[in-house]
$ cat my_file34.tsv   # TSV, C-alpha atoms and all ligand atoms
chain	number	residue	atom	x	y	z
A	278	MET	CA	35.06	-24.31	23.34
A	279	SER	CA	34.28	-20.75	24.48
A	280	LEU	CA	35.77	-17.70	22.75
A	281	PRO	CA	38.95	-16.14	24.18
A	282	GLN	CA	38.75	-12.85	26.10
A	283	ARG	CA	41.81	-11.45	24.42
A	284	VAL	CA	43.39	-11.86	20.99
A	285	ARG	CA	46.84	-10.79	19.85
A	286	LEU	CA	46.82	-9.17	16.42
A	287	VAL	CA	50.02	-9.50	14.40
A	288	GLU	CA	50.10	-6.63	11.94
A	289	VAL	CA	51.83	-7.78	8.75
A	290	GLY	CA	50.87	-4.89	6.45
A	291	PRO	CA	54.30	-3.22	6.24
A	292	ARG	CA	55.83	-6.57	5.21
A	293	ASP	CA	53.22	-8.90	3.65
A	294	GLY	CA	51.28	-5.91	2.35
A	295	LEU	CA	54.01	-3.73	0.89
A	296	GLN	CA	56.21	-6.58	-0.44
A	297	ASN	CA	53.79	-7.03	-3.30
A	298	GLU	CA	53.53	-3.41	-4.46
A	299	ALA	CA	54.98	-2.93	-7.92
A	300	ARG	CA	55.88	0.77	-7.54
A	301	PRO	CA	58.78	1.79	-5.28
A	302	ILE	CA	57.64	3.13	-1.92
A	303	ASP	CA	59.67	5.77	-0.08
A	304	VAL	CA	61.32	4.62	3.12
A	305	ALA	CA	59.71	7.64	4.83
A	306	ASP	CA	56.24	6.36	3.89
A	307	LYS	CA	57.05	2.91	5.26
A	308	ILE	CA	58.32	4.44	8.50
A	309	ARG	CA	55.19	6.57	8.79
A	310	LEU	CA	53.02	3.47	8.33
A	311	VAL	CA	54.81	1.57	11.11
A	312	ASP	CA	54.63	4.61	13.42
A	313	ASP	CA	50.90	5.01	12.66
A	314	LEU	CA	50.35	1.34	13.52
A	315	THR	CA	52.27	1.74	16.77
A	316	HIS	CA	50.08	4.74	17.57
A	317	ALA	CA	46.95	2.66	16.86
A	318	GLY	CA	47.97	0.27	19.64
A	319	LEU	CA	49.20	-2.78	17.73
A	320	GLY	CA	51.51	-4.81	19.95
A	321	TYR	CA	53.24	-6.69	17.17
A	322	ILE	CA	54.27	-5.24	13.81
A	323	GLU	CA	56.11	-7.10	11.05
A	324	VAL	CA	58.17	-4.25	9.67
A	325	GLY	CA	60.03	-5.81	6.74
A	326	SER	CA	62.16	-8.65	5.37
A	327	PHE	CA	65.85	-9.36	5.02
A	328	VAL	CA	65.53	-11.36	1.82
A	329	SER	CA	67.24	-11.16	-1.56
A	330	PRO	CA	66.35	-7.84	-3.24
A	331	LYS	CA	66.39	-9.71	-6.57
A	332	TRP	CA	63.50	-11.81	-5.31
A	333	VAL	CA	61.52	-9.14	-3.49
A	334	PRO	CA	62.78	-5.66	-4.48
A	335	GLN	CA	60.23	-3.82	-2.33
A	336	MET	CA	61.79	-5.05	0.92
A	337	ALA	CA	65.29	-3.78	0.03
A	338	GLY	CA	65.09	-0.78	2.36
A	339	SER	CA	64.12	-2.73	5.49
A	340	ALA	CA	67.27	-1.78	7.44
A	341	GLU	CA	66.51	1.92	6.87
A	342	VAL	CA	62.93	1.40	7.95
A	343	PHE	CA	64.09	-0.21	11.19
A	344	ALA	CA	66.52	2.67	11.73
A	345	GLY	CA	63.78	5.27	11.30
A	346	ILE	CA	60.82	3.91	13.26
A	347	GLN	CA	59.93	5.11	16.74
A	348	ARG	CA	59.89	2.03	18.90
A	349	LYS	CA	57.39	1.93	21.71
A	350	LYS	CA	58.17	-0.12	24.79
A	351	GLY	CA	56.33	-3.42	24.83
A	352	VAL	CA	55.76	-3.50	21.07
A	353	THR	CA	57.46	-6.21	19.00
A	354	TYR	CA	58.95	-5.05	15.68
A	355	ALA	CA	59.77	-8.16	13.65
A	356	ALA	CA	61.30	-9.08	10.30
A	357	LEU	CA	61.42	-12.10	8.01
A	358	ALA	CA	64.73	-13.90	7.53
A	359	PRO	CA	65.01	-16.75	4.99
A	360	ASN	CA	68.61	-17.72	5.81
A	361	LEU	CA	71.54	-16.91	8.12
A	362	ARG	CA	72.56	-13.97	5.94
A	363	GLY	CA	69.10	-12.46	6.41
A	364	PHE	CA	69.23	-13.11	10.14
A	365	GLU	CA	72.62	-11.40	10.47
A	366	ASP	CA	71.42	-8.40	8.46
A	367	ALA	CA	68.36	-8.21	10.69
A	368	LEU	CA	70.52	-8.34	13.79
A	369	THR	CA	72.71	-5.51	12.47
A	370	ALA	CA	69.55	-3.47	11.87
A	371	GLY	CA	68.58	-3.89	15.52
A	372	VAL	CA	65.76	-6.38	14.96
A	373	LYS	CA	64.72	-8.18	18.16
A	374	GLU	CA	62.44	-10.82	16.69
A	375	VAL	CA	62.55	-12.66	13.36
A	376	ALA	CA	60.28	-15.02	11.47
A	377	VAL	CA	61.38	-17.93	9.32
A	378	PHE	CA	59.07	-19.20	6.61
A	379	ALA	CA	58.57	-22.67	5.23
A	380	ALA	CA	55.84	-24.14	3.06
A	381	ALA	CA	53.63	-27.21	3.24
A	382	SER	CA	53.98	-27.77	-0.51
A	383	GLU	CA	57.22	-28.53	-2.36
A	384	SER	CA	56.37	-26.46	-5.45
A	385	PHE	CA	55.65	-23.33	-3.41
A	386	SER	CA	58.84	-23.81	-1.42
A	387	GLN	CA	60.84	-23.93	-4.66
A	388	ARG	CA	59.15	-20.84	-6.14
A	389	ASN	CA	59.30	-18.80	-2.95
A	390	ILE	CA	62.71	-19.60	-1.49
A	391	ASN	CA	64.35	-21.69	-4.22
A	392	CYS	CA	64.80	-24.87	-2.20
A	393	SER	CA	62.93	-27.95	-0.99
A	394	ILE	CA	61.00	-28.00	2.28
A	395	SER	CA	63.66	-30.07	4.00
A	396	GLU	CA	66.47	-27.84	2.68
A	397	SER	CA	64.61	-24.82	4.03
A	398	LEU	CA	64.29	-26.42	7.46
A	399	ASP	CA	68.01	-27.20	7.42
A	400	ARG	CA	68.70	-23.54	6.60
A	401	PHE	CA	66.71	-22.43	9.62
A	402	LEU	CA	68.81	-24.46	12.08
A	403	PRO	CA	71.77	-22.04	12.14
A	404	ILE	CA	69.28	-19.16	12.46
A	405	MET	CA	67.78	-20.84	15.54
A	406	GLU	CA	71.23	-21.36	17.01
A	407	ALA	CA	72.29	-17.75	16.39
A	408	ALA	CA	68.95	-16.48	17.68
A	409	ARG	CA	69.36	-18.39	20.95
A	410	LEU	CA	72.83	-16.93	21.33
A	411	HIS	CA	71.49	-13.39	20.89
A	412	GLY	CA	68.29	-13.86	22.88
A	413	ILE	CA	66.08	-13.36	19.83
A	414	GLN	CA	62.69	-15.01	19.53
A	415	VAL	CA	61.85	-16.78	16.28
A	416	ARG	CA	58.35	-17.15	14.89
A	417	GLY	CA	57.67	-19.78	12.22
A	418	TYR	CA	55.38	-19.63	9.21
A	419	VAL	CA	53.97	-22.45	7.16
A	420	SER	CA	52.55	-21.37	3.79
A	421	CYS	CA	49.91	-23.06	1.65
A	422	VAL	CA	48.21	-24.67	4.64
A	423	LEU	CA	44.80	-24.76	2.95
A	424	GLY	CA	45.86	-25.03	-0.67
A	425	CYS	CA	48.80	-24.45	-3.00
A	426	PRO	CA	48.74	-22.36	-6.19
A	427	TYR	CA	50.75	-25.06	-7.99
A	428	GLU	CA	49.67	-28.34	-6.36
A	429	GLY	CA	46.08	-27.69	-5.29
A	430	ALA	CA	44.97	-29.55	-2.16
A	431	VAL	CA	47.37	-29.85	0.76
A	432	SER	CA	46.64	-32.36	3.54
A	433	PRO	CA	46.47	-31.25	7.19
A	434	LYS	CA	48.97	-34.02	8.03
A	435	GLN	CA	51.48	-32.55	5.58
A	436	VAL	CA	51.02	-29.12	7.20
A	437	ALA	CA	51.32	-30.55	10.70
A	438	ALA	CA	54.57	-32.31	9.80
A	439	VAL	CA	56.22	-29.02	8.74
A	440	ALA	CA	54.75	-27.11	11.69
A	441	ASN	CA	56.08	-29.75	14.10
A	442	GLU	CA	59.58	-29.37	12.71
A	443	LEU	CA	59.46	-25.60	13.18
A	444	PHE	CA	58.15	-25.94	16.71
A	445	ALA	CA	60.68	-28.65	17.58
A	446	MET	CA	63.60	-26.51	16.38
A	447	GLY	CA	62.52	-23.70	18.71
A	448	CYS	CA	59.95	-21.46	17.02
A	449	TYR	CA	57.86	-20.15	19.92
A	450	GLU	CA	54.78	-19.84	17.72
A	451	VAL	CA	53.77	-21.19	14.33
A	452	SER	CA	51.58	-19.14	12.01
A	453	PHE	CA	49.48	-21.02	9.47
A	454	GLY	CA	49.33	-19.20	6.15
A	455	ASP	CA	46.38	-19.60	3.82
A	456	THR	CA	48.54	-18.02	1.16
A	457	ILE	CA	45.96	-18.14	-1.63
A	458	GLY	CA	42.89	-17.66	0.53
A	459	THR	CA	41.03	-20.72	-0.71
A	460	GLY	CA	40.39	-22.18	2.74
A	461	THR	CA	36.91	-22.40	4.25
A	462	PRO	CA	35.89	-22.60	7.92
A	463	GLY	CA	35.40	-26.38	8.03
A	464	ALA	CA	38.85	-26.98	6.58
A	465	THR	CA	40.30	-24.41	8.99
A	466	ARG	CA	38.84	-26.20	12.01
A	467	GLU	CA	40.07	-29.55	10.72
A	468	LEU	CA	43.56	-28.14	10.22
A	469	PHE	CA	43.86	-26.58	13.67
A	470	ASN	CA	42.42	-29.73	15.22
A	471	GLU	CA	45.02	-31.86	13.49
A	472	VAL	CA	47.91	-29.60	14.49
A	473	ALA	CA	46.69	-29.06	18.05
A	474	GLY	CA	47.14	-32.78	18.72
A	475	GLN	CA	50.87	-32.11	18.53
A	476	ILE	CA	51.49	-28.41	19.33
A	477	PRO	CA	49.62	-26.55	22.11
A	478	ARG	CA	46.86	-24.29	20.78
A	479	SER	CA	48.43	-21.34	22.59
A	480	LYS	CA	51.41	-21.66	20.21
A	481	LEU	CA	49.36	-21.51	16.99
A	482	ALA	CA	48.38	-18.50	14.89
A	483	GLY	CA	46.22	-17.98	11.80
A	484	HIS	CA	47.33	-16.01	8.73
A	485	PHE	CA	44.53	-15.72	6.23
A	486	HIS	CA	44.70	-14.03	2.86
A	487	ASP	CA	41.26	-12.92	1.77
A	488	THR	CA	41.34	-13.85	-1.91
A	489	TYR	CA	38.08	-15.82	-1.77
A	490	GLY	CA	36.45	-13.67	0.92
A	491	GLN	CA	36.70	-16.42	3.53
A	492	ALA	CA	39.22	-14.90	5.92
A	493	LEU	CA	36.89	-13.53	8.62
A	494	ALA	CA	34.91	-16.76	8.64
A	495	ASN	CA	38.17	-18.69	8.94
A	496	ILE	CA	39.30	-16.50	11.83
A	497	TYR	CA	36.02	-17.16	13.59
A	498	ALA	CA	36.55	-20.87	12.98
A	499	GLY	CA	40.03	-20.46	14.46
A	500	LEU	CA	38.61	-18.72	17.54
A	501	LEU	CA	36.25	-21.67	18.02
A	502	GLU	CA	39.30	-23.93	17.92
A	503	GLY	CA	40.96	-21.92	20.71
A	504	ILE	CA	43.37	-19.94	18.52
A	505	GLN	CA	44.19	-16.53	20.01
A	506	VAL	CA	46.70	-15.00	17.60
A	507	PHE	CA	45.83	-13.78	14.10
A	508	ASP	CA	47.88	-12.03	11.43
A	509	SER	CA	46.26	-9.28	9.39
A	510	SER	CA	47.18	-6.38	7.18
A	511	VAL	CA	45.96	-2.81	7.59
A	512	ALA	CA	43.71	-1.75	4.68
A	513	GLY	CA	44.00	-5.34	3.41
A	514	LEU	CA	47.30	-4.43	1.78
A	515	GLY	CA	49.20	-6.96	-0.24
A	516	GLY	CA	49.30	-10.29	-1.94
A	517	CYS	CA	52.13	-12.71	-2.45
A	518	PRO	CA	54.73	-12.31	-5.22
A	519	TYR	CA	54.89	-16.10	-5.61
A	520	ALA	CA	51.14	-16.85	-5.54
A	521	LYS	CA	49.61	-15.28	-8.65
A	522	GLY	CA	46.23	-13.67	-8.07
A	523	ALA	CA	46.47	-13.86	-4.27
A	524	THR	CA	45.09	-10.73	-2.62
A	525	GLY	CA	46.20	-9.23	0.65
A	526	ASN	CA	45.70	-10.53	4.12
A	527	VAL	CA	42.37	-9.92	5.73
A	528	ALA	CA	42.16	-6.23	6.69
A	529	THR	CA	43.13	-5.57	10.31
A	530	GLU	CA	40.24	-3.08	10.63
A	531	ASP	CA	37.73	-5.78	9.65
A	532	VAL	CA	39.18	-8.32	12.08
A	533	LEU	CA	39.21	-5.72	14.85
A	534	TYR	CA	35.59	-4.76	14.18
A	535	MET	CA	34.52	-8.40	14.39
A	536	LEU	CA	36.50	-8.99	17.59
A	537	MET	CA	35.05	-5.83	19.17
A	538	GLY	CA	31.57	-7.14	18.36
A	539	LEU	CA	32.46	-10.41	20.08
A	540	GLY	CA	33.67	-8.51	23.14
A	541	ILE	CA	37.25	-9.66	22.60
A	542	ASP	CA	40.01	-7.28	23.70
A	543	THR	CA	43.00	-6.46	21.46
A	544	GLY	CA	44.23	-3.10	22.76
A	545	VAL	CA	43.89	-1.59	19.27
A	546	ASP	CA	42.04	1.66	18.55
A	547	LEU	CA	39.76	1.35	15.51
A	548	ASP	CA	39.68	5.04	14.55
A	549	ALA	CA	43.47	5.36	14.63
A	550	LEU	CA	43.79	2.14	12.65
A	551	VAL	CA	41.33	3.32	10.00
A	552	ALA	CA	43.30	6.57	9.67
A	553	ALA	CA	46.57	4.61	9.27
A	554	GLY	CA	45.04	2.39	6.57
A	555	GLN	CA	43.57	5.28	4.61
A	556	ARG	CA	46.83	7.19	4.75
A	557	ILE	CA	48.89	4.35	3.25
A	558	SER	CA	46.16	3.62	0.69
A	559	ASP	CA	46.40	7.28	-0.44
A	560	VAL	CA	50.19	7.05	-0.64
A	561	LEU	CA	49.93	3.91	-2.78
A	562	GLY	CA	47.09	5.33	-4.85
A	563	ARG	CA	45.00	2.21	-4.28
A	564	ALA	CA	41.49	1.67	-2.96
A	565	ASN	CA	41.26	0.90	0.74
A	566	GLY	CA	40.81	-2.89	1.04
A	567	SER	CA	39.02	-2.71	4.39
A	568	ARG	CA	35.23	-2.89	4.24
A	569	VAL	CA	35.00	-1.38	7.73
A	570	ALA	CA	37.27	1.53	6.79
A	571	LYS	CA	35.29	2.21	3.62
A	572	ALA	CA	32.02	2.22	5.57
A	573	ARG	CA	33.32	4.50	8.31
A	574	LEU	CA	35.02	6.92	5.95
A	575	SER	CA	31.99	7.25	3.66
A	576	GLY	CA	29.76	8.60	6.42
A	601	LIG	P1	68.82	-17.99	-4.04
A	601	LIG	O1	68.92	-17.24	-5.33
A	601	LIG	O2	68.62	-19.46	-4.10
A	601	LIG	O3	70.02	-17.68	-3.02
A	601	LIG	O4	67.64	-17.35	-3.19
A	601	LIG	P2	71.56	-17.68	-3.14
A	601	LIG	O5	72.07	-18.08	-1.80
A	601	LIG	O6	72.01	-18.45	-4.35
A	601	LIG	O7	71.87	-16.12	-3.35
A	601	LIG	C1	71.52	-15.43	-4.53
A	601	LIG	C2	71.82	-13.95	-4.33
A	601	LIG	O8	70.99	-13.43	-3.29
A	601	LIG	C3	73.25	-13.66	-3.90
A	601	LIG	O9	73.57	-12.39	-4.43
A	601	LIG	C4	73.13	-13.57	-2.40
A	601	LIG	O10	74.14	-12.79	-1.82
A	601	LIG	C5	71.79	-12.89	-2.25
A	601	LIG	P3	74.46	-12.21	-5.75
A	601	LIG	O11	75.75	-12.92	-5.45
A	601	LIG	O12	73.67	-12.90	-6.84
A	601	LIG	O13	74.55	-10.73	-5.92
A	601	LIG	N1	71.15	-13.22	-0.95
A	601	LIG	C6	70.62	-12.28	-0.15
A	601	LIG	N2	70.55	-10.94	-0.25
A	601	LIG	C7	69.96	-10.26	0.76
A	601	LIG	N3	69.42	-10.88	1.83
A	601	LIG	C8	69.46	-12.22	1.96
A	601	LIG	C9	70.10	-12.96	0.95
A	601	LIG	N4	70.31	-14.28	0.76
A	601	LIG	C10	70.96	-14.41	-0.40
A	601	LIG	N5	68.93	-12.81	3.03
A	601	LIG	C11	66.56	-16.78	-1.12
A	601	LIG	C12	67.25	-17.86	-1.92
A	601	LIG	C13	65.91	-17.45	0.07
A	601	LIG	C14	67.61	-15.78	-0.65
A	601	LIG	C15	65.52	-16.10	-2.02
A	601	LIG	O14	64.71	-17.04	-2.63
A	601	LIG	C16	64.65	-15.10	-1.27
A	601	LIG	O15	65.13	-14.10	-0.78
A	601	LIG	N6	63.35	-15.40	-1.17
A	601	LIG	C17	62.43	-14.55	-0.41
A	601	LIG	C18	61.04	-14.73	-0.90
A	601	LIG	C19	60.09	-13.88	-0.10
A	601	LIG	O16	60.48	-12.98	0.62
A	601	LIG	N7	58.80	-14.20	-0.27
A	601	LIG	C20	57.76	-13.45	0.40
A	601	LIG	C21	57.69	-13.71	1.88
A	601	LIG	S1	56.93	-15.26	2.30
A	601	LIG	C22	55.25	-14.91	2.28
A	601	LIG	O17	54.83	-13.85	1.85
A	601	LIG	C23	54.32	-15.92	2.89
A	601	LIG	C24	53.82	-15.53	4.30
A	601	LIG	O18	53.18	-14.26	4.27
A	601	LIG	C25	52.85	-16.59	4.82
A	601	LIG	C26	51.73	-16.91	3.81
A	601	LIG	O19	50.98	-15.97	3.40
A	601	LIG	O20	51.64	-18.08	3.45
A	601	LIG	C27	55.00	-15.45	5.30
A	602	MG	MG	51.16	-13.93	3.72
$ encode --input "my_file34.tsv" --output "structure tokens"
Amino acid sequence: MSLPQRVRLVEVGPRDGLQNEARPIDVADKIRLVDDLTHAGLGYIEVGSFVSPKWVPQMAGSAEVFAGIQRKKGVTYAALAPNLRGFEDALTAGVKEVAVFAAASESFSQRNINCSISESLDRFLPIMEAARLHGIQVRGYVSCVLGCPYEGAVSPKQVAAVANELFAMGCYEVSFGDTIGTGTPGATRELFNEVAGQIPRSKLAGHFHDTYGQALANIYAGLLEGIQVFDSSVAGLGGCPYAKGATGNVATEDVLYMLMGLGIDTGVDLDALVAAGQRISDVLGRANGSRVAKARLSG
């Protein structure tokens, strides 16, 4: 299969990245990050989550963040919603697209959202119904697609079963989360191959955490499987509060650099993106997690 001409980057830094920071982050800094990412040309930004603040304190200010960002026409500003309450809060905050999140492993589902996989899918049904009523698109996530921090190996069939349920209930796209970053390119190809037998490739996305340094290779494997949407996090921000030791998503700068080298269009400006990543890294007082940013800023 030949490589796509265009890829859609889903920027998850403000949500997947910042949700894992231990120190409180000012709402103004979160707003600035989202505005910087808009300025860099990202067409899809996951801004925050409407989840229980007891579970993920860092996402508590998401409504204020949505109120403060400058929305650019044509850009999608999305939020996670684990239940109807989260969806309604998102709606009140003016969110136009939400994401629901399930897991391919029972233990991770329990630790992350305090219910079984099938209970979580049942919880999403009223969200789907309400979303249809309000003309809101819903994206679906499956976590632990290439390994679970509690159960180890996860079979592609198990992943496909959960993904199928999300797609069947109306998620327009399903993103496959390698939550702990243990996946390798062969396993990635096998997974997408398995799922693509049941859901069109154009409806699949890859979401790779870079814990084991495999994310870029896995994205390339995804490209070879005809996948054209990838999630990433500026400056490689983040981790997962319920997957100990997991690092952030692959850095958006690094993905962009690779795609530029392959001649694949994304509409994103690398210099502006590097500036956005360095700015939030300075705010957080952490080293920039993008290799490309580090190289370009050292010269
Ligand atoms: P629970 O404790 O079972 O829920 O949590 P509950 O219904 O019993 O409610 C408990 C309390 O939470 C109540 O408050 C509710 O009102 C409140 P209290 O009466 O105790 O004061 N509550 C809420 N508050 C605000 N917003 C809400 C909400 N719902 C209930 N929406 C629940 C269940 C799902 C709520 C909880 O487990 C939760 O919020 N989990 C979120 C976990 C999370 O955000 N994880 C990170 C995102 S997923 C991820 O990172 C993976 C991904 O990146 C892909 C990958 O990498 O694999 C997407
Ligand atoms: Mg994630």
$ closest_residue --input "my_file34.tsv" --among "A:Ala344, A:Ala528, A:Ala358, A:Val415" --to "ligand LIG 601 (chain A)" --atoms "only C-alpha atoms and all ligand atoms"
A:Ala358
$ residues_around --input "my_file34.tsv" --residues "segment 420-422 of chain A" --least-positions-apart "4" --cutoff "8 Å" --atoms "all atoms listed in the file" --output "ChimeraX atom specification"
/A:378-382,385,426,431-433,436,453-457
$ write_last_selection --input "my_file34.tsv" --atoms "C-alpha atoms" --output "tab-separated table (two decimals), in the frame of the given file"
chain	number	residue	atom	x	y	z
A	378	PHE	CA	59.07	-19.20	6.61
A	379	ALA	CA	58.57	-22.67	5.23
A	380	ALA	CA	55.84	-24.14	3.06
A	381	ALA	CA	53.63	-27.21	3.24
A	382	SER	CA	53.98	-27.77	-0.51
A	385	PHE	CA	55.65	-23.33	-3.41
A	426	PRO	CA	48.74	-22.36	-6.19
A	431	VAL	CA	47.37	-29.85	0.76
A	432	SER	CA	46.64	-32.36	3.54
A	433	PRO	CA	46.47	-31.25	7.19
A	436	VAL	CA	51.02	-29.12	7.20
A	453	PHE	CA	49.48	-21.02	9.47
A	454	GLY	CA	49.33	-19.20	6.15
A	455	ASP	CA	46.38	-19.60	3.82
A	456	THR	CA	48.54	-18.02	1.16
A	457	ILE	CA	45.96	-18.14	-1.63
$ residues_near_ligand --input "my_file34.tsv" --ligand "ligand LIG 601 (chain A)" --cutoff "6 Å" --atoms "all atoms listed in the file" --output "list in words"
Asp293, Phe327, Val328, Ser329, Pro330, Trp332, Val333, Pro359, Asn360, Arg362, Gly363, Phe378, Asn389, Ile390, Asn391, Tyr418, Ser420, Cys421, Gly454, Asp455, Thr456 and Cys517 of chain A
$ residues_around --input "my_file34.tsv" --residues "Phe401 of chain A" --least-positions-apart "4" --cutoff "12 Å" --atoms "all atoms listed in the file" --output "PyMOL selection string"
chain A and resi 357-364+375-379+394-397+405-408+415-418+442-448
$ write_last_selection --input "my_file34.tsv" --atoms "C-alpha atoms" --output "CSV table (one decimal), in the coordinates of the input"
chain,number,residue,atom,x,y,z
A,357,LEU,CA,61.4,-12.1,8.0
A,358,ALA,CA,64.7,-13.9,7.5
A,359,PRO,CA,65.0,-16.8,5.0
A,360,ASN,CA,68.6,-17.7,5.8
A,361,LEU,CA,71.5,-16.9,8.1
A,362,ARG,CA,72.6,-14.0,5.9
A,363,GLY,CA,69.1,-12.5,6.4
A,364,PHE,CA,69.2,-13.1,10.1
A,375,VAL,CA,62.6,-12.7,13.4
A,376,ALA,CA,60.3,-15.0,11.5
A,377,VAL,CA,61.4,-17.9,9.3
A,378,PHE,CA,59.1,-19.2,6.6
A,379,ALA,CA,58.6,-22.7,5.2
A,394,ILE,CA,61.0,-28.0,2.3
A,395,SER,CA,63.7,-30.1,4.0
A,396,GLU,CA,66.5,-27.8,2.7
A,397,SER,CA,64.6,-24.8,4.0
A,405,MET,CA,67.8,-20.8,15.5
A,406,GLU,CA,71.2,-21.4,17.0
A,407,ALA,CA,72.3,-17.8,16.4
A,408,ALA,CA,69.0,-16.5,17.7
A,415,VAL,CA,61.8,-16.8,16.3
A,416,ARG,CA,58.4,-17.2,14.9
A,417,GLY,CA,57.7,-19.8,12.2
A,418,TYR,CA,55.4,-19.6,9.2
A,442,GLU,CA,59.6,-29.4,12.7
A,443,LEU,CA,59.5,-25.6,13.2
A,444,PHE,CA,58.2,-25.9,16.7
A,445,ALA,CA,60.7,-28.6,17.6
A,446,MET,CA,63.6,-26.5,16.4
A,447,GLY,CA,62.5,-23.7,18.7
A,448,CYS,CA,60.0,-21.5,17.0
$ residues_around --input "my_file34.tsv" --residues "segment 493-501 of chain A" --least-positions-apart "6" --cutoff "12 Å" --atoms "only C-alpha atoms" --output "PyMOL selection string"
chain A and resi 278-286+423+452-455+458-470+473+478-479+481-487+507-509+526-536+538-539+541+567-568
$ write_last_selection --input "my_file34.tsv" --atoms "C-alpha atoms" --output "mmCIF file, in the coordinates of the input"
data_model
loop_
_atom_site.group_PDB
_atom_site.id
_atom_site.type_symbol
_atom_site.label_atom_id
_atom_site.label_comp_id
_atom_site.auth_asym_id
_atom_site.auth_seq_id
_atom_site.Cartn_x
_atom_site.Cartn_y
_atom_site.Cartn_z
ATOM 1 C CA MET A 278 35.060 -24.310 23.340
ATOM 2 C CA SER A 279 34.280 -20.750 24.480
ATOM 3 C CA LEU A 280 35.770 -17.700 22.750
ATOM 4 C CA PRO A 281 38.950 -16.140 24.180
ATOM 5 C CA GLN A 282 38.750 -12.850 26.100
ATOM 6 C CA ARG A 283 41.810 -11.450 24.420
ATOM 7 C CA VAL A 284 43.390 -11.860 20.990
ATOM 8 C CA ARG A 285 46.840 -10.790 19.850
ATOM 9 C CA LEU A 286 46.820 -9.170 16.420
ATOM 10 C CA LEU A 423 44.800 -24.760 2.950
ATOM 11 C CA SER A 452 51.580 -19.140 12.010
ATOM 12 C CA PHE A 453 49.480 -21.020 9.470
ATOM 13 C CA GLY A 454 49.330 -19.200 6.150
ATOM 14 C CA ASP A 455 46.380 -19.600 3.820
ATOM 15 C CA GLY A 458 42.890 -17.660 0.530
ATOM 16 C CA THR A 459 41.030 -20.720 -0.710
ATOM 17 C CA GLY A 460 40.390 -22.180 2.740
ATOM 18 C CA THR A 461 36.910 -22.400 4.250
ATOM 19 C CA PRO A 462 35.890 -22.600 7.920
ATOM 20 C CA GLY A 463 35.400 -26.380 8.030
ATOM 21 C CA ALA A 464 38.850 -26.980 6.580
ATOM 22 C CA THR A 465 40.300 -24.410 8.990
ATOM 23 C CA ARG A 466 38.840 -26.200 12.010
ATOM 24 C CA GLU A 467 40.070 -29.550 10.720
ATOM 25 C CA LEU A 468 43.560 -28.140 10.220
ATOM 26 C CA PHE A 469 43.860 -26.580 13.670
ATOM 27 C CA ASN A 470 42.420 -29.730 15.220
ATOM 28 C CA ALA A 473 46.690 -29.060 18.050
ATOM 29 C CA ARG A 478 46.860 -24.290 20.780
ATOM 30 C CA SER A 479 48.430 -21.340 22.590
ATOM 31 C CA LEU A 481 49.360 -21.510 16.990
ATOM 32 C CA ALA A 482 48.380 -18.500 14.890
ATOM 33 C CA GLY A 483 46.220 -17.980 11.800
ATOM 34 C CA HIS A 484 47.330 -16.010 8.730
ATOM 35 C CA PHE A 485 44.530 -15.720 6.230
ATOM 36 C CA HIS A 486 44.700 -14.030 2.860
ATOM 37 C CA ASP A 487 41.260 -12.920 1.770
ATOM 38 C CA PHE A 507 45.830 -13.780 14.100
ATOM 39 C CA ASP A 508 47.880 -12.030 11.430
ATOM 40 C CA SER A 509 46.260 -9.280 9.390
ATOM 41 C CA ASN A 526 45.700 -10.530 4.120
ATOM 42 C CA VAL A 527 42.370 -9.920 5.730
ATOM 43 C CA ALA A 528 42.160 -6.230 6.690
ATOM 44 C CA THR A 529 43.130 -5.570 10.310
ATOM 45 C CA GLU A 530 40.240 -3.080 10.630
ATOM 46 C CA ASP A 531 37.730 -5.780 9.650
ATOM 47 C CA VAL A 532 39.180 -8.320 12.080
ATOM 48 C CA LEU A 533 39.210 -5.720 14.850
ATOM 49 C CA TYR A 534 35.590 -4.760 14.180
ATOM 50 C CA MET A 535 34.520 -8.400 14.390
ATOM 51 C CA LEU A 536 36.500 -8.990 17.590
ATOM 52 C CA GLY A 538 31.570 -7.140 18.360
ATOM 53 C CA LEU A 539 32.460 -10.410 20.080
ATOM 54 C CA ILE A 541 37.250 -9.660 22.600
ATOM 55 C CA SER A 567 39.020 -2.710 4.390
ATOM 56 C CA ARG A 568 35.230 -2.890 4.240
#
$ axis_aligned_box --input "my_file34.tsv" --around "segment 330-339 of chain A" --padding-each-side "6 Å" --output "lines of an AutoDock Vina configuration file"
center_x = 63.3
center_y = -6.3
center_z = -0.5
size_x = 18.2
size_y = 23.0
size_z = 24.1
$ closest_residue --input "my_file34.tsv" --among "A:Leu314, A:Leu514, A:Ala437, A:Ile308" --to "ligand MG 602 (chain A)" --atoms "all atoms listed in the file"
A:Leu514
$ atom_distance --input "my_file34.tsv" --atom1 "atom CA of Asp313 of chain A" --atom2 "atom CA of Tyr354 of chain A"
13.2 Å
$ closest_residue --input "my_file34.tsv" --among "A:Gly513, A:Gly525, A:Pro403, A:Gly544" --to "ligand MG 602 (chain A)" --atoms "all atoms listed in the file"
A:Gly525
$ closest_residue --input "my_file34.tsv" --among "A:Met336, A:Val372, A:Val419, A:Ala553" --to "ligand MG 602 (chain A)" --atoms "only C-alpha atoms and all ligand atoms"
A:Val419
$ closest_residue --input "my_file34.tsv" --among "A:Ala438, A:Thr524, A:Ile322, A:Glu428" --to "ligand MG 602 (chain A)" --atoms "only C-alpha atoms and all ligand atoms"
A:Thr524
$ atom_distance --input "my_file34.tsv" --atom1 "atom CA of Leu550 of chain A" --atom2 "atom CA of His316 of chain A"
8.4 Å
$ residues_around --input "my_file34.tsv" --residues "Val342 of chain A" --least-positions-apart "3" --cutoff "9 Å" --atoms "only C-alpha atoms" --output "list in words"
Val304, Ala305, Lys307, Ile308, Val311, Val324, Gly325, Gly338, Ser339, Gly345 and Ile346 of chain A
